[in-house]
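Structure data (mmCIF, C-alpha atoms) from my_file.cif:
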```cif
data_structure
#
loop_
_atom_site.label_atom_id
_atom_site.label_comp_id
_atom_site.auth_asym_id
_atom_site.auth_seq_id
_atom_site.Cartn_x
_atom_site.Cartn_y
_atom_site.Cartn_z
CA MET A 1 -10.58 -81.25 131.47
CA ASP A 2 -11.27 -84.87 130.51
CA TYR A 3 -13.72 -84.35 127.66
CA ALA A 4 -14.69 -88.01 127.68
CA GLU A 5 -16.33 -87.49 131.09
CA THR A 6 -18.14 -84.17 130.63
CA SER A 7 -21.77 -83.12 130.46
CA ASN A 8 -23.71 -80.71 128.28
CA ALA A 9 -23.81 -78.24 131.15
CA GLN A 10 -20.04 -78.32 131.67
CA LEU A 11 -19.19 -77.89 128.00
CA LEU A 12 -21.75 -75.15 127.48
CA ALA A 13 -20.43 -73.27 130.50
CA GLN A 14 -16.88 -73.56 129.19
CA GLN A 15 -17.99 -72.40 125.75
CA ALA A 16 -19.74 -69.38 127.25
CA SER A 17 -16.64 -68.44 129.22
CA ARG A 18 -14.28 -68.62 126.23
CA GLU A 19 -16.23 -67.84 123.07
CA SER A 20 -17.40 -64.43 121.96
CA ASN A 21 -20.73 -62.89 122.81
CA ALA A 22 -21.61 -63.21 119.11
CA ARG A 23 -22.33 -66.95 119.39
CA THR A 24 -25.94 -67.69 118.52
CA TYR A 25 -27.25 -71.26 118.28
CA PRO A 26 -26.16 -72.47 121.75
CA ARG A 27 -28.36 -69.81 123.35
CA HIS A 28 -31.53 -71.59 122.20
CA LEU A 29 -30.18 -75.07 121.48
CA PRO A 30 -28.22 -75.94 124.64
CA LEU A 31 -26.48 -79.16 123.66
CA ALA A 32 -22.93 -80.38 123.04
CA ILE A 33 -23.02 -82.84 120.15
CA GLU A 34 -21.14 -86.09 120.69
CA ARG A 35 -22.03 -88.00 117.52
CA ALA A 36 -24.35 -87.73 114.56
CA GLN A 37 -25.77 -89.98 111.86
CA GLY A 38 -28.27 -89.21 109.14
CA VAL A 39 -31.08 -87.01 110.48
CA GLU A 40 -30.18 -87.56 114.15
CA VAL A 41 -27.64 -86.09 116.55
CA GLU A 42 -26.73 -87.30 120.04
CA ASP A 43 -25.43 -85.03 122.79
CA VAL A 44 -22.83 -85.89 125.42
CA ASP A 45 -25.58 -86.69 127.93
CA GLY A 46 -26.95 -89.37 125.61
CA ASN A 47 -30.03 -87.48 124.39
CA THR A 48 -30.96 -87.87 120.71
CA TYR A 49 -32.62 -85.26 118.50
CA TYR A 50 -34.07 -85.02 115.04
CA ASP A 51 -31.93 -82.36 113.36
CA CYS A 52 -34.07 -80.01 111.29
CA LEU A 53 -31.34 -77.37 111.31
CA ALA A 54 -28.73 -79.56 109.58
CA GLY A 55 -25.98 -76.97 109.51
CA ALA A 56 -28.42 -74.27 108.36
CA GLY A 57 -29.23 -76.44 105.35
CA THR A 58 -25.64 -77.50 104.66
CA LEU A 59 -26.05 -81.24 105.26
CA ALA A 60 -28.03 -82.30 102.19
CA LEU A 61 -27.26 -85.98 102.87
CA GLY A 62 -27.41 -85.66 106.63
CA HIS A 63 -24.62 -86.39 109.08
CA ASN A 64 -21.83 -88.78 108.10
CA HIS A 65 -23.40 -90.15 104.96
CA PRO A 66 -21.14 -92.98 103.71
CA THR A 67 -21.05 -91.49 100.21
CA VAL A 68 -19.34 -88.43 101.67
CA THR A 69 -17.16 -90.03 104.35
CA GLU A 70 -15.81 -92.68 101.97
CA GLU A 71 -14.69 -90.01 99.51
CA MET A 72 -12.90 -88.11 102.26
CA GLU A 73 -11.21 -91.29 103.47
CA ARG A 74 -10.17 -92.16 99.91
CA LEU A 75 -8.58 -88.75 99.43
CA LEU A 76 -6.64 -88.96 102.69
CA ALA A 77 -5.50 -92.55 102.13
CA ALA A 78 -4.12 -91.71 98.68
CA ASP A 79 -1.88 -88.87 99.90
CA ARG A 80 -3.77 -86.38 97.77
CA PRO A 81 -3.17 -82.68 98.48
CA ILE A 82 -5.53 -81.09 100.98
CA HIS A 83 -4.90 -77.44 100.16
CA THR A 84 -3.87 -76.07 96.76
CA LEU A 85 -4.90 -72.38 96.62
CA ASP A 86 -6.34 -72.11 93.10
CA ILE A 87 -3.91 -74.58 91.53
CA THR A 88 -5.99 -77.25 89.87
CA THR A 89 -6.09 -80.96 90.65
CA PRO A 90 -8.01 -83.95 89.27
CA GLU A 91 -10.28 -83.64 92.33
CA LYS A 92 -11.06 -80.02 91.52
CA GLU A 93 -11.82 -80.68 87.86
CA ALA A 94 -14.10 -83.58 88.82
CA PHE A 95 -15.96 -81.27 91.20
CA VAL A 96 -16.46 -78.67 88.46
CA ASP A 97 -17.69 -81.41 86.09
CA ALA A 98 -20.29 -82.52 88.64
CA LEU A 99 -21.33 -78.95 89.43
CA PHE A 100 -21.77 -77.91 85.81
CA ASP A 101 -23.59 -81.17 85.01
CA SER A 102 -26.08 -80.43 87.78
CA LEU A 103 -26.90 -76.97 86.39
CA PRO A 104 -29.31 -76.44 83.47
CA ASP A 105 -27.52 -76.53 80.11
CA ALA A 106 -28.82 -73.08 79.21
CA PHE A 107 -26.76 -71.69 82.09
CA ALA A 108 -23.83 -74.11 82.35
CA ASP A 109 -22.93 -74.13 78.65
CA ASN A 110 -21.77 -70.51 78.84
CA ALA A 111 -20.58 -70.37 82.44
CA LYS A 112 -17.39 -69.72 84.36
CA VAL A 113 -16.74 -70.55 88.01
CA GLN A 114 -14.83 -68.62 90.68
CA PHE A 115 -13.74 -70.44 93.83
CA CYS A 116 -14.02 -68.23 96.91
CA SER A 117 -13.07 -68.30 100.56
CA PRO A 118 -15.08 -71.04 102.26
CA ALA A 119 -18.11 -69.13 103.58
CA GLY A 120 -21.08 -68.32 101.37
CA THR A 121 -20.85 -64.66 102.28
CA ASP A 122 -17.57 -64.45 100.34
CA ALA A 123 -19.33 -65.79 97.25
CA VAL A 124 -21.73 -62.86 97.58
CA GLU A 125 -18.82 -60.44 97.93
CA ALA A 126 -17.19 -61.94 94.84
CA ALA A 127 -20.44 -61.67 92.88
CA LEU A 128 -20.77 -58.00 93.81
CA LYS A 129 -17.21 -57.28 92.68
CA LEU A 130 -17.80 -59.23 89.48
CA VAL A 131 -20.87 -57.30 88.35
CA LYS A 132 -19.45 -53.94 89.40
CA THR A 133 -16.32 -54.66 87.39
CA ALA A 134 -18.25 -55.91 84.36
CA THR A 135 -20.79 -53.07 84.25
CA GLY A 136 -18.79 -50.18 85.63
CA ASN A 137 -21.82 -49.32 87.76
CA ARG A 138 -22.02 -49.06 91.55
CA SER A 139 -25.65 -49.32 92.73
CA VAL A 140 -26.86 -52.72 93.94
CA LEU A 141 -30.49 -53.76 94.29
CA GLY A 142 -31.50 -56.08 97.13
CA PHE A 143 -34.80 -57.01 98.75
CA GLN A 144 -36.56 -56.45 102.03
CA GLY A 145 -36.25 -59.59 104.14
CA GLY A 146 -33.11 -60.71 102.33
CA TYR A 147 -30.10 -62.36 103.93
CA HIS A 148 -26.77 -62.87 102.13
CA GLY A 149 -24.15 -63.11 104.88
CA MET A 150 -22.36 -61.02 107.47
CA THR A 151 -19.40 -59.44 105.65
CA ASN A 152 -19.45 -55.82 104.58
CA GLY A 153 -21.18 -55.96 101.21
CA ALA A 154 -23.39 -58.91 102.11
CA LEU A 155 -24.46 -57.27 105.37
CA SER A 156 -25.34 -54.11 103.45
CA LEU A 157 -27.81 -56.18 101.43
CA MET A 158 -29.46 -57.65 104.55
CA GLY A 159 -33.05 -56.73 105.22
CA ASP A 160 -32.82 -57.16 108.99
CA THR A 161 -31.69 -53.81 110.37
CA ALA A 162 -30.74 -55.08 113.84
CA ALA A 163 -27.51 -56.64 112.63
CA LYS A 164 -26.53 -53.49 110.75
CA GLU A 165 -27.44 -50.54 112.91
CA SER A 166 -24.28 -50.61 115.03
CA ILE A 167 -21.94 -50.97 112.02
CA PRO A 168 -20.90 -47.71 110.32
CA GLY A 169 -19.49 -47.53 106.82
CA LEU A 170 -21.38 -50.34 105.12
CA MET A 171 -21.42 -50.57 101.31
CA PRO A 172 -23.14 -47.48 99.86
CA ASP A 173 -25.68 -47.33 97.03
CA VAL A 174 -27.68 -50.36 98.18
CA HIS A 175 -31.42 -50.14 97.58
CA HIS A 176 -33.93 -52.53 99.16
CA LEU A 177 -36.97 -53.38 97.06
CA PRO A 178 -40.27 -54.96 98.21
CA TYR A 179 -40.42 -58.75 98.09
CA PRO A 180 -43.59 -60.84 97.68
CA TYR A 181 -44.81 -61.88 101.13
CA ASP A 182 -48.46 -62.87 100.93
CA PHE A 183 -48.97 -63.06 104.67
CA ARG A 184 -47.72 -59.49 105.13
CA PRO A 185 -47.88 -58.02 101.59
CA PRO A 186 -45.81 -54.85 101.14
CA PHE A 187 -48.63 -52.94 99.40
CA GLY A 188 -51.47 -54.58 101.29
CA ILE A 189 -52.37 -56.68 98.24
CA ASP A 190 -51.77 -60.42 98.32
CA GLY A 191 -51.97 -63.09 95.64
CA ASP A 192 -51.22 -62.62 91.96
CA GLU A 193 -52.28 -58.98 91.90
CA GLY A 194 -49.94 -58.19 94.78
CA HIS A 195 -47.01 -59.86 93.03
CA ARG A 196 -47.76 -57.95 89.85
CA ALA A 197 -47.97 -54.68 91.80
CA ILE A 198 -44.48 -55.28 93.16
CA SER A 199 -42.95 -56.04 89.77
CA ARG A 200 -44.69 -53.00 88.23
CA TYR A 201 -43.35 -50.86 91.06
CA ILE A 202 -39.80 -52.12 90.53
CA GLU A 203 -39.99 -51.61 86.79
CA GLY A 204 -41.30 -48.08 87.23
CA LEU A 205 -38.62 -47.30 89.81
CA LEU A 206 -35.84 -48.37 87.46
CA ASP A 207 -37.25 -46.28 84.62
CA ASP A 208 -37.81 -43.17 86.74
CA PRO A 209 -34.98 -40.66 86.19
CA ASP A 210 -35.82 -39.12 89.59
CA SER A 211 -35.85 -42.39 91.55
CA GLY A 212 -32.49 -41.59 93.15
CA ILE A 213 -31.01 -44.87 91.90
CA VAL A 214 -28.12 -44.61 89.46
CA ASP A 215 -27.64 -47.38 86.91
CA PRO A 216 -27.44 -50.65 88.91
CA ALA A 217 -24.48 -52.99 88.77
CA GLY A 218 -26.74 -55.88 89.68
CA MET A 219 -29.75 -57.23 91.53
CA VAL A 220 -29.33 -59.86 94.26
CA VAL A 221 -32.28 -62.09 95.19
CA GLU A 222 -33.11 -65.25 97.13
CA LEU A 223 -35.96 -67.11 95.45
CA VAL A 224 -36.84 -68.58 98.81
CA GLN A 225 -35.84 -66.22 101.59
CA GLY A 226 -34.26 -68.38 104.26
CA GLU A 227 -33.39 -66.29 107.29
CA GLY A 228 -36.19 -63.98 106.17
CA GLY A 229 -38.69 -66.67 107.17
CA ALA A 230 -38.98 -69.31 104.40
CA ILE A 231 -40.78 -66.96 102.00
CA ALA A 232 -40.91 -68.33 98.45
CA ALA A 233 -41.08 -65.99 95.48
CA PRO A 234 -43.92 -66.79 93.05
CA ASP A 235 -42.71 -68.14 89.72
CA GLU A 236 -44.57 -65.50 87.71
CA TRP A 237 -42.91 -62.74 89.75
CA THR A 238 -39.49 -64.34 89.28
CA ARG A 239 -40.01 -64.43 85.52
CA GLU A 240 -41.00 -60.75 85.57
CA ILE A 241 -37.91 -59.81 87.56
CA ARG A 242 -35.79 -61.69 85.03
CA ARG A 243 -37.48 -59.83 82.16
CA ILE A 244 -37.06 -56.46 83.87
CA THR A 245 -33.38 -56.99 84.58
CA ARG A 246 -32.61 -58.47 81.16
CA GLU A 247 -34.27 -55.61 79.29
CA ARG A 248 -32.20 -53.10 81.29
CA ASP A 249 -28.90 -55.03 81.17
CA ILE A 250 -28.87 -55.46 84.96
CA PRO A 251 -27.06 -58.67 85.93
CA LEU A 252 -29.36 -60.88 88.02
CA ILE A 253 -27.55 -62.59 90.90
CA VAL A 254 -29.54 -65.48 92.37
CA ASP A 255 -28.34 -66.41 95.85
CA GLU A 256 -28.67 -70.22 96.00
CA ILE A 257 -26.46 -70.63 99.06
CA GLN A 258 -29.26 -72.19 101.11
CA THR A 259 -31.66 -73.23 98.32
CA GLY A 260 -29.15 -74.88 96.00
CA LEU A 261 -28.81 -78.60 95.31
CA GLY A 262 -32.31 -79.90 95.74
CA ARG A 263 -33.64 -78.25 98.87
CA THR A 264 -36.63 -76.54 97.27
CA GLY A 265 -37.77 -79.50 95.15
CA GLU A 266 -35.66 -78.60 92.13
CA LEU A 267 -31.90 -78.87 91.95
CA PHE A 268 -31.78 -75.06 91.96
CA ALA A 269 -34.55 -72.70 93.02
CA PHE A 270 -34.42 -70.67 89.80
CA GLU A 271 -35.49 -73.79 87.87
CA HIS A 272 -39.02 -73.53 89.31
CA ALA A 273 -39.58 -70.41 87.19
CA ASP A 274 -37.52 -71.72 84.25
CA ILE A 275 -35.26 -68.67 84.14
CA VAL A 276 -31.56 -68.33 83.38
CA PRO A 277 -29.76 -66.04 85.84
CA ASP A 278 -26.54 -64.21 85.08
CA VAL A 279 -24.79 -65.12 88.34
CA VAL A 280 -25.42 -67.83 90.95
CA THR A 281 -23.80 -67.94 94.38
CA LEU A 282 -23.39 -71.38 95.96
CA SER A 283 -22.09 -72.77 99.24
CA LYS A 284 -23.50 -74.98 102.03
CA ALA A 285 -24.66 -78.22 100.34
CA VAL A 286 -22.22 -78.06 97.41
CA GLY A 287 -19.33 -78.70 99.81
CA GLY A 288 -20.88 -81.89 101.11
CA GLY A 289 -20.89 -80.47 104.64
CA LEU A 290 -17.38 -79.03 104.41
CA PRO A 291 -16.52 -75.35 103.82
CA LEU A 292 -16.72 -74.43 100.13
CA SER A 293 -18.23 -71.57 98.15
CA VAL A 294 -18.29 -70.68 94.49
CA VAL A 295 -19.75 -68.16 92.08
CA VAL A 296 -20.96 -69.45 88.72
CA TYR A 297 -21.63 -66.77 86.14
CA ARG A 298 -22.20 -65.91 82.49
CA ASP A 299 -18.86 -66.05 80.71
CA ASP A 300 -19.11 -62.58 79.13
CA LEU A 301 -19.01 -61.10 82.66
CA ASP A 302 -15.52 -62.56 83.12
CA VAL A 303 -13.63 -59.30 82.61
CA TRP A 304 -11.84 -58.93 85.93
CA LYS A 305 -8.05 -59.08 86.15
CA PRO A 306 -5.96 -61.91 87.64
CA GLY A 307 -6.11 -61.70 91.42
CA ALA A 308 -9.25 -59.53 91.39
CA HIS A 309 -10.76 -61.94 93.90
CA ALA A 310 -8.75 -64.43 95.92
CA GLY A 311 -8.70 -66.35 99.18
CA THR A 312 -6.20 -68.69 100.79
CA PHE A 313 -8.65 -71.51 101.44
CA ARG A 314 -10.32 -71.60 98.04
CA GLY A 315 -8.43 -74.81 97.32
CA ASN A 316 -10.14 -77.05 99.90
CA GLN A 317 -9.70 -80.46 98.26
CA LEU A 318 -11.60 -82.43 100.93
CA ALA A 319 -14.61 -80.18 100.39
CA MET A 320 -14.38 -80.65 96.63
CA ALA A 321 -14.33 -84.43 97.01
CA ALA A 322 -17.21 -84.35 99.49
CA GLY A 323 -19.07 -81.84 97.33
CA ARG A 324 -18.67 -83.86 94.14
CA ALA A 325 -19.91 -87.00 95.89
CA THR A 326 -22.90 -85.10 97.30
CA ILE A 327 -23.83 -83.50 93.98
CA GLU A 328 -23.63 -86.82 92.16
CA TYR A 329 -25.66 -88.60 94.85
CA VAL A 330 -28.39 -85.94 94.83
CA VAL A 331 -28.64 -86.01 91.04
CA GLU A 332 -28.43 -89.78 90.58
CA ASN A 333 -31.01 -90.46 93.29
CA ASP A 334 -33.38 -87.62 92.35
CA LEU A 335 -33.21 -86.27 95.87
CA HIS A 336 -34.74 -82.99 94.71
CA GLU A 337 -37.90 -84.93 93.84
CA HIS A 338 -37.76 -86.69 97.20
CA ALA A 339 -37.38 -83.28 98.87
CA ALA A 340 -40.50 -82.07 97.06
CA GLN A 341 -42.46 -85.11 98.24
CA MET A 342 -41.23 -84.99 101.82
CA GLY A 343 -41.75 -81.22 101.90
CA GLU A 344 -45.35 -81.64 100.83
CA ARG A 345 -45.84 -84.33 103.47
CA LEU A 346 -44.38 -82.13 106.21
CA ARG A 347 -46.29 -79.09 105.03
CA SER A 348 -49.58 -81.01 105.18
CA HIS A 349 -48.87 -81.92 108.79
CA LEU A 350 -47.95 -78.32 109.64
CA GLU A 351 -51.10 -76.99 108.00
CA ARG A 352 -53.20 -79.34 110.12
CA THR A 353 -51.49 -77.90 113.18
CA ALA A 354 -52.25 -74.41 111.89
CA ASP A 355 -55.92 -75.32 111.53
CA GLN A 356 -56.06 -76.20 115.24
CA PHE A 357 -54.15 -73.29 116.77
CA ASP A 358 -54.86 -69.63 116.10
CA ALA A 359 -51.31 -68.71 117.13
CA VAL A 360 -50.04 -70.34 113.93
CA GLY A 361 -50.54 -67.57 111.41
CA ASP A 362 -48.92 -68.95 108.29
CA VAL A 363 -47.28 -72.09 106.91
CA ARG A 364 -45.10 -71.56 103.86
CA GLY A 365 -41.95 -72.41 101.93
CA ARG A 366 -40.90 -74.79 99.22
CA GLY A 367 -39.64 -78.37 99.32
CA LEU A 368 -37.73 -79.03 102.54
CA MET A 369 -37.35 -75.34 103.31
CA LEU A 370 -40.47 -74.61 105.31
CA GLY A 371 -41.53 -72.07 107.90
CA VAL A 372 -44.33 -71.62 110.43
CA GLU A 373 -45.00 -68.03 111.49
CA PHE A 374 -46.51 -67.41 114.92
CA VAL A 375 -48.77 -64.46 115.65
CA ASP A 376 -50.05 -62.64 118.72
CA THR A 377 -53.73 -63.54 118.77
CA GLU A 378 -54.45 -60.68 121.20
CA GLY A 379 -52.62 -58.05 119.17
CA GLU A 380 -54.01 -55.36 116.91
CA ARG A 381 -54.07 -56.26 113.25
CA GLU A 382 -51.62 -54.51 110.95
CA PRO A 383 -52.80 -52.52 107.90
CA THR A 384 -52.17 -55.68 105.85
CA GLY A 385 -54.77 -57.50 107.95
CA ALA A 386 -52.23 -59.80 109.60
CA LEU A 387 -51.85 -60.14 113.35
CA PRO A 388 -48.50 -59.01 114.83
CA ALA A 389 -45.62 -61.47 114.65
CA ASP A 390 -44.99 -63.26 117.95
CA GLY A 391 -41.29 -64.01 118.38
CA ASP A 392 -41.78 -64.98 122.03
CA ARG A 393 -44.19 -67.74 121.04
CA ALA A 394 -41.80 -69.02 118.39
CA THR A 395 -39.01 -69.19 120.97
CA GLU A 396 -41.27 -71.05 123.41
CA VAL A 397 -42.19 -73.57 120.72
CA GLN A 398 -38.54 -73.99 119.75
CA SER A 399 -37.69 -74.73 123.39
CA ALA A 400 -40.59 -77.16 123.73
CA CYS A 401 -39.44 -78.93 120.55
CA PHE A 402 -35.91 -79.20 121.92
CA ASP A 403 -37.17 -80.70 125.18
CA ARG A 404 -38.92 -83.39 123.10
CA GLY A 405 -35.96 -84.22 120.85
CA LEU A 406 -36.37 -81.89 117.87
CA VAL A 407 -33.95 -79.17 116.74
CA VAL A 408 -35.51 -76.31 114.77
CA GLU A 409 -34.34 -72.76 114.19
CA THR A 410 -36.30 -69.51 114.26
CA GLY A 411 -36.09 -66.60 111.84
CA GLY A 412 -38.20 -64.16 109.88
CA ARG A 413 -39.65 -60.87 111.10
CA HIS A 414 -39.23 -60.54 114.87
CA GLY A 415 -37.85 -64.10 114.96
CA ALA A 416 -41.43 -65.36 114.81
CA THR A 417 -40.98 -68.15 112.26
CA ALA A 418 -40.01 -71.71 113.17
CA ARG A 419 -37.88 -73.01 110.31
CA PHE A 420 -37.48 -76.58 109.03
CA LEU A 421 -34.34 -77.53 107.07
CA PRO A 422 -33.98 -81.31 107.51
CA PRO A 423 -31.51 -83.30 105.40
CA LEU A 424 -32.88 -84.25 101.99
CA VAL A 425 -32.62 -87.95 102.91
CA VAL A 426 -35.32 -87.63 105.60
CA THR A 427 -37.79 -90.54 105.48
CA PRO A 428 -41.60 -90.41 105.57
CA GLN A 429 -41.58 -91.84 109.11
CA GLN A 430 -39.08 -89.25 110.27
CA VAL A 431 -41.21 -86.49 108.72
CA ASP A 432 -44.22 -87.80 110.62
CA ASP A 433 -42.23 -87.95 113.86
CA VAL A 434 -40.94 -84.39 113.40
CA ALA A 435 -44.44 -83.10 112.72
CA ALA A 436 -45.86 -84.93 115.76
CA ILE A 437 -43.22 -83.42 118.05
CA PHE A 438 -43.83 -79.95 116.64
CA HIS A 439 -47.60 -80.32 117.06
CA GLU A 440 -47.16 -81.37 120.68
CA ALA A 441 -44.84 -78.40 121.29
CA VAL A 442 -47.39 -75.96 119.87
CA GLU A 443 -50.15 -77.62 121.87
CA THR A 444 -48.09 -77.38 125.06
CA THR A 445 -47.39 -73.68 124.67
CA ALA A 446 -51.06 -73.05 123.91
CA ALA A 447 -52.05 -74.93 127.07
CA ARG A 448 -49.65 -72.82 129.15
CA GLU A 449 -51.27 -69.69 127.79
CA VAL A 450 -54.74 -70.91 128.79
CA VAL A 451 -53.55 -71.79 132.32
CA ALA A 452 -51.86 -68.41 132.69
#
```

Using structure tokens, write down the structure from this file.
Amino acid sequence: MDYAETSNAQLLAQQASRESNARTYPRHLPLAIERAQGVEVEDVDGNTYYDCLAGAGTLALGHNHPTVTEEMERLLAADRPIHTLDITTPEKEAFVDALFDSLPDAFADNAKVQFCSPAGTDAVEAALKLVKTATGNRSVLGFQGGYHGMTNGALSLMGDTAAKESIPGLMPDVHHLPYPYDFRPPFGIDGDEGHRAISRYIEGLLDDPDSGIVDPAGMVVELVQGEGGAIAAPDEWTREIRRITRERDIPLIVDEIQTGLGRTGELFAFEHADIVPDVVTLSKAVGGGLPLSVVVYRDDLDVWKPGAHAGTFRGNQLAMAAGRATIEYVVENDLHEHAAQMGERLRSHLERTADQFDAVGDVRGRGLMLGVEFVDTEGEREPTGALPADGDRATEVQSACFDRGLVVETGGRHGATARFLPPLVVTPQQVDDVAAIFHEAVETTAAREVVA
């Protein structure tokens, strides 16, 4: 096939015939991307789209940012090594310098880093092995609604049961705890009292000798649940969870794979609550758009033996160069502050849409990690008082957005949340354009319902 003379339809058909049934994004985003720059992508048919998926939050600086591409070109032109296993290089040490400089001193000053296989899910696996080795314990605490990847241990921690129910033999001794979700509160209590009820429940559970939970090796938490529907943990609750785990010597693993490097309005999501975790998992943005994942952790946990965790592609030098350039650019240009401002601008637009359409049940998130949950306005209210989640409506809105030049993803319970993860360099005008397209898409689907 001459790929210079093909269409979206041809390439998508070929992909469907040759790739596995597990492929996901092309089912709802039917395009073949030809080129990309900044916040926009162009398909092979010449259509352009605002990209609010951005590699599931990977592209902090957007597509082909010159800061990143110039570093990659420099590395290649200088005959630098591309792959080094875990043998160090000047490029690697410069990356670690930038990474540690971006982290709060209270964490970085006593930290070690483990380079993992490229996907974030391997960072989670490494973190689990680390805390189990250091504590000698086996139970792991996760949260309802959580997402940490698709490998064995990470999948065991997932809240969504659909991805797990056909897989026997997942990691045992995983316990899922309630997570603050004001729109659908686990105990039917929202707001501050609901958050406090959850933390009191967790504390009581850990102190109950008949809880069924043996001494935990660690607790794994996202401080903004991404795939779970852009649900942000309240700062007070986060501080309580840190107190509870510290007092019981339970290592706290904060999964910053999607939140890390400015997305939530701070460089790292745990900084909102001013806590110091024991372990942080990082991937996506820290590789500058290229595959890279690391675990950063408290140095006294570093008790595992040589070779206890390894991976052939943990020496990706291009990713380290791209990642260092991205970290430095985000820090030097205060892109986390820009993300907070642009996130507030987008959220204001989305809330105005919510005010006009009953099918928009909730607008939430933090920084440029936002979600809009759709509800079935004709459904029976749940015990929490919320209307049922409407995944069909979310899919319709996603499709209507795509038809108008906007790429968004869905997630959350029943796939009912439209998610926004634009690059951190998004401009005010682009935010306004994105919001206008989304509003029109919601309006269109509402009009179809009235006609029907």

Margin query: Starting from the PyMOL selection byres ((chain A and resi 407) around 6), expand the selection into actual residues of this file and give them as a list of chain:residue names.
Written below: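 For this structure, the PyMOL selection byres ((chain A and resi 407) around 6) captures A:Asp51, A:Cys52, A:Phe402, A:Leu406, A:Val408.
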
Next item on the list: Could you check how far CA of Ile189 in chain A sits from CA of Gly385 in chain A, in Å to one decimal?
Entry: 10.0 Å

Next item on the list: Excluding Met72 in chain A and any residue of its chain fewer than 2 positions from it, enumerate the residues within 8 Å of it, using all atoms listed in the file, and give them as a ChimeraX atom specification.
Entry: /A:68-70,74-76,318,321-322

Just the selected residues (C-alpha atoms), exported as a PDB file, keeping the file's coordinate frame, please.
```pdb
ATOM      1  CA  VAL A  68     -19.340 -88.430 101.670  1.00  0.00           C
ATOM      2  CA  THR A  69     -17.160 -90.030 104.350  1.00  0.00           C
ATOM      3  CA  GLU A  70     -15.810 -92.680 101.970  1.00  0.00           C
ATOM      4  CA  ARG A  74     -10.170 -92.160  99.910  1.00  0.00           C
ATOM      5  CA  LEU A  75      -8.580 -88.750  99.430  1.00  0.00           C
ATOM      6  CA  LEU A  76      -6.640 -88.960 102.690  1.00  0.00           C
ATOM      7  CA  LEU A 318     -11.600 -82.430 100.930  1.00  0.00           C
ATOM      8  CA  ALA A 321     -14.330 -84.430  97.010  1.00  0.00           C
ATOM      9  CA  ALA A 322     -17.210 -84.350  99.490  1.00  0.00           C
TER      10      ALA A 322
END
```

Margin query: Using all atoms listed in the file, can you tell me which of A:Ala106, A:Ile213, A:Ile87, A:Leu11 comes closest to Ile33 in chain A?
Written below: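 Residue with the minimum atom-to-atom distance to Ile33 in chain A: A:Leu11.
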
Note to self: What's the separation between CA of Arg23 in chain A and CA of Gly46 in chain A, in Å to one decimal place?
What the structure shows: 23.7 Å

Next item on the list: Name the residues in contact with Pro428 in chain A at a cut-off of 9 Å, using all atoms listed in the file, excluding same-chain residues fewer than 4 positions from it; report them as a PyMOL selection string.
Entry: chain A and resi 342+345-346+432-433

Under the rule of at most 7 Å, produce a per-residue listing of range 317-365 of chain A near range 258-274 of chain A: chain, number, name, the closest pair of atoms, and the distance in Å, as a Markdown table, using all atoms listed in the file.
```
| residue | atom | partner | partner_atom | distance |
| --- | --- | --- | --- | --- |
| A:Leu335 | CA | A:Gly262 | CA | 6.4 |
| A:His336 | CA | A:Gly262 | CA | 4.1 |
| A:Glu337 | CA | A:Gly265 | CA | 5.6 |
| A:Ala339 | CA | A:Gly265 | CA | 5.3 |
| A:Ala340 | CA | A:Gly265 | CA | 4.2 |
```

Next item on the list: Take the PyMOL selection byres ((chain A and resi 413) around 12), apply it to the structure above, and return the hits as a PyMOL selection string.
Entry: chain A and resi 144-146+159-162+181+183-184+225-231+371-375+388-392+394+410-412+414-418

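Within 12 Å of Ala22 in chain A, once only C-alpha atoms are used and residues closer than 6 positions along the same chain are dropped, the contacting residues are Gln15, Ala16, Met150 and Ala163 of chain A.
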
Where atoms are missing, can you supply N, CA and C atoms for range 281-288 of chain A and output the lot as a PDB file, in the coordinates of the input?
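Resulting contents of part_33.pdb:
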```
ATOM      1  N   THR A 281     -24.705 -67.707  93.262  1.00  0.00           N
ATOM      2  CA  THR A 281     -23.800 -67.940  94.380  1.00  0.00           C
ATOM      3  C   THR A 281     -24.180 -69.249  95.067  1.00  0.00           C
ATOM      4  N   LEU A 282     -23.164 -70.062  95.384  1.00  0.00           N
ATOM      5  CA  LEU A 282     -23.390 -71.380  95.960  1.00  0.00           C
ATOM      6  C   LEU A 282     -22.425 -71.634  97.109  1.00  0.00           C
ATOM      7  N   SER A 283     -22.923 -72.309  98.135  1.00  0.00           N
ATOM      8  CA  SER A 283     -22.090 -72.770  99.240  1.00  0.00           C
ATOM      9  C   SER A 283     -22.875 -73.879  99.937  1.00  0.00           C
ATOM     10  N   LYS A 284     -22.763 -73.994 101.233  1.00  0.00           N
ATOM     11  CA  LYS A 284     -23.500 -74.980 102.030  1.00  0.00           C
ATOM     12  C   LYS A 284     -23.463 -76.367 101.388  1.00  0.00           C
ATOM     13  N   ALA A 285     -24.557 -76.830 100.788  1.00  0.00           N
ATOM     14  CA  ALA A 285     -24.660 -78.220 100.340  1.00  0.00           C
ATOM     15  C   ALA A 285     -23.620 -78.608  99.309  1.00  0.00           C
ATOM     16  N   VAL A 286     -23.147 -77.667  98.482  1.00  0.00           N
ATOM     17  CA  VAL A 286     -22.220 -78.060  97.410  1.00  0.00           C
ATOM     18  C   VAL A 286     -20.856 -78.477  97.944  1.00  0.00           C
ATOM     19  N   GLY A 287     -20.574 -78.227  99.203  1.00  0.00           N
ATOM     20  CA  GLY A 287     -19.330 -78.700  99.810  1.00  0.00           C
ATOM     21  C   GLY A 287     -19.499 -80.009 100.550  1.00  0.00           C
ATOM     22  N   GLY A 288     -20.672 -80.607 100.458  1.00  0.00           N
ATOM     23  CA  GLY A 288     -20.880 -81.890 101.110  1.00  0.00           C
ATOM     24  C   GLY A 288     -20.778 -81.838 102.622  1.00  0.00           C
TER      25      GLY A 288
END
```
